[in-house]
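Structure first, commentary second.
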Amino acid sequence: MRRPRANRSRLGFTLIEMMVMTGVVLLLMGVVALVSGRANDHYRVSRARLHLNNLASTTIDRVCDELAYAERDDLNPVPATPFGSSWIEYEKSGGYGADGSVWQPTARLALELVEGEVDDGLDNNGNGLVDEGQLVMTRDVGLPSERRVVICKGIQEYLGGETPNGLDDNGNGLEDERGFSLVLEGEMLTVRLSVANVDHQRRMQTVTHETSILIRN
Ligand SMILES: [Ca+2]
Ligand SMILES: [Ca+2]
Ligand SMILES: [Ca+2]
Ligand SMILES: [Ca+2]
């Protein structure tokens, strides 16, 4: 006795439905994976940028805290336009004694190449940044008690938008200024800093911050 044809048709239609449903599910899973991957990528990029902004902000605040207690006559060099300076030595007041201000030994802030990096246009230490620098604070310069501390790494060789060509490419009044830059105009000292990092997909991110403070005469 023959089986009814309707049963075979129904069985074939069910298989097609299952194939379509499987395709739809796989497509949805792919879309979810794509959206999730992009969201994760966006989160990691945002987190890296936030870290850079915090680094630049806290470093500039620390520099300003140091120099806010210095006097113009104790700055060496005086970071004048059009070049400014990527280092400075200074003395700052440590409070007041019977004879007036008590001055602390000379201190220095200076941009240096990070360890493992040389100034050759190449990424010698393999971290994705070329000729990057670090900001070093030195206390008691020239004394037996002299000591150094690195207060920021990942500083760009030149400030954002600047290239070494004898021109002021970024329009801030300084020519070929470095990634850490100081300039004194009148009584106003401006501190600029550009820091960079490389995200999880090897894309470089950079941020530039600047702050101005009044220097005591
Ligand atoms: Ca490097
Ligand atoms: Ca290099
Ligand atoms: Ca400039
Ligand atoms: Ca330039």
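All residue names refer to the structure tokens as shown: chains lettered A, B, ... in order, residues numbered from 1 in each chain, ligands numbered from 1 in order.
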
Task: Contacts of ligand 1, 12 Å or closer, only C-alpha atoms and all ligand atoms, given as a PyMOL selection string - done: chain A and resi 113-134+153-157+196-198+204

Open item on the list: Around ligand 4, out to 7 Å and counting only C-alpha atoms and all ligand atoms, which residues are there? I want them as an MDAnalysis selection string.
Closed with: chainID A and resid 162:169 175:176

Task: helix (DSSP H, G or I) call set, DSSP backbone run, range 61-128 of chain A, as a list in words - done: Asp61, Arg62, Val63, Cys64, Asp65, Glu66, Leu67, Arg72, Asp73 and Asp74 of chain A

Open item on the list: Just list as a VMD selection string whatever in chain A DSSP marks as strand (DSSP E or B).
Closed with: chain A and resid 70 to 71 76 85 87 to 90 92 to 97 100 to 103 107 to 113 133 to 139 147 to 155 158 178 180 to 185 188 to 198 204 to 214 216

TODO: Please provide as a PyMOL selection string all residues within 9 Å of Ser194 in chain A, with the sequence filter that same-chain residues fewer than 2 positions apart are discarded (counting only C-alpha atoms).
DONE: chain A and resi 56+154-160+178-180+192+196+206-210

Would you write out those residues with N, CA and C atoms, as a compact mmCIF listing (two decimals), in the first residue's frame?
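Output saved as result_10.txt:
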# COMPACT_ATOMS: atom_id res chain seq x y z
N ALA A 56 47.81 63.40 30.45
CA ALA A 56 48.21 64.76 30.07
C ALA A 56 47.77 65.76 31.13
N GLY A 154 55.56 58.42 27.06
CA GLY A 154 54.72 58.46 25.85
C GLY A 154 54.54 59.86 25.30
N ILE A 155 55.52 60.73 25.54
CA ILE A 155 55.42 62.11 25.04
C ILE A 155 55.91 62.15 23.59
N GLN A 156 55.13 62.78 22.75
CA GLN A 156 55.50 62.88 21.34
C GLN A 156 56.75 63.74 21.17
N GLU A 157 57.51 63.43 20.13
CA GLU A 157 58.74 64.19 19.90
C GLU A 157 58.42 65.67 19.68
N TYR A 158 57.38 65.94 18.91
CA TYR A 158 56.96 67.32 18.67
C TYR A 158 55.50 67.46 19.09
N LEU A 159 55.14 68.68 19.50
CA LEU A 159 53.77 68.92 19.92
C LEU A 159 52.80 68.62 18.77
N GLY A 160 51.59 68.30 19.10
CA GLY A 160 50.60 67.97 18.08
C GLY A 160 50.49 69.04 17.00
N ARG A 178 58.70 71.11 21.08
CA ARG A 178 58.68 69.69 21.41
C ARG A 178 57.36 69.29 22.08
N GLY A 179 57.23 67.98 22.28
CA GLY A 179 56.00 67.46 22.87
C GLY A 179 55.75 67.93 24.29
N PHE A 180 56.81 68.32 24.97
CA PHE A 180 56.67 69.05 26.23
C PHE A 180 57.29 70.42 26.01
N ARG A 192 52.66 73.13 27.62
CA ARG A 192 51.95 72.32 26.61
C ARG A 192 52.52 70.91 26.63
N ALA A 196 50.94 60.22 23.53
CA ALA A 196 50.40 59.29 22.53
C ALA A 196 50.45 57.87 23.07
N THR A 206 46.57 60.37 19.97
CA THR A 206 47.33 61.46 20.58
C THR A 206 46.37 62.48 21.19
N VAL A 207 46.80 63.10 22.26
CA VAL A 207 46.05 64.23 22.82
C VAL A 207 47.05 65.32 23.20
N THR A 208 46.59 66.55 23.13
CA THR A 208 47.42 67.69 23.49
C THR A 208 46.67 68.55 24.48
N HIS A 209 47.34 68.87 25.59
CA HIS A 209 46.75 69.76 26.60
C HIS A 209 47.67 70.96 26.80
N GLU A 210 47.11 72.07 27.24
CA GLU A 210 47.92 73.21 27.63
C GLU A 210 47.24 73.98 28.74

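Distances here use only C-alpha atoms; by that measure, the residue among A:Ile213, A:Val20, A:Val63, A:Ala68 closest to Arg108 in chain A is A:Val63.
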
TODO: Determine, counting only C-alpha atoms, which protein, DNA and RNA residues have an atom within 12 Å of an atom of Ala48 in chain A; residues of the same chain fewer than 4 positions away are not included. Present the result as a list of chain:residue names.
DONE: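 So the residues in contact are A:Asp41, A:His42, A:Tyr43, A:Arg44, A:Leu52, A:Asn53, A:Asn54, A:Leu55, A:Val195, A:Ala196, A:Asn197, A:Val198, A:Asp199, A:His200, A:Gln201, A:Arg202, A:Arg203, A:Met204, A:Gln205, A:Thr206, A:Val207.
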
Open item on the list: Can you measure CA of Leu67 in chain A to CA of Ser85 in chain A for me? One decimal in Å is fine.
Closed with: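 The value is 14.1 Å.
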
Open item on the list: I'd like the contact shell of Gly142 in chain A - 12 Å cut-off, only C-alpha atoms, skipping same-chain residues fewer than 6 positions apart - returned as an MDAnalysis selection string.
Closed with: chainID A and resid 89 105:108 148

- [ ] Name the closest residue to ligand 3 among the candidates A:Ile215, A:Leu109, A:Gly84, A:Val141; distances are taken between atoms, counting only C-alpha atoms and all ligand atoms.
- [x]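 Selected residue with least distance to ligand 3: A:Gly84.
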
Open item on the list: Give me the residues near Asp73 in chain A as an MDAnalysis selection string, where near means some atom within 9 Å (using only C-alpha atoms) and where sequence neighbours in that chain fewer than 2 positions away do not count.
Closed with: chainID A and resid 70:71 75:76 78 90 216:217

Next, write the just-selected residues to a file, as a CSV table (one decimal), in the first residue's frame, keeping C-alpha atoms as the atom set.
chain,number,residue,atom,x,y,z
A,70,ALA,CA,59.1,79.7,41.4
A,71,GLU,CA,60.1,83.2,40.6
A,75,LEU,CA,64.1,80.2,35.8
A,76,ASN,CA,66.9,78.9,33.7
A,78,VAL,CA,63.8,81.8,30.5
A,90,TYR,CA,64.1,76.5,38.9
A,216,ARG,CA,55.9,85.5,40.4
A,217,ASN,CA,58.4,88.3,39.9

TODO: Have a look at CA of Val191 in chain A and CA of Val102 in chain A and let me know their distance in Å, one decimal.
DONE: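 One can read the CA of Val191 in chain A to CA of Val102 in chain A distance as 25.5 Å.
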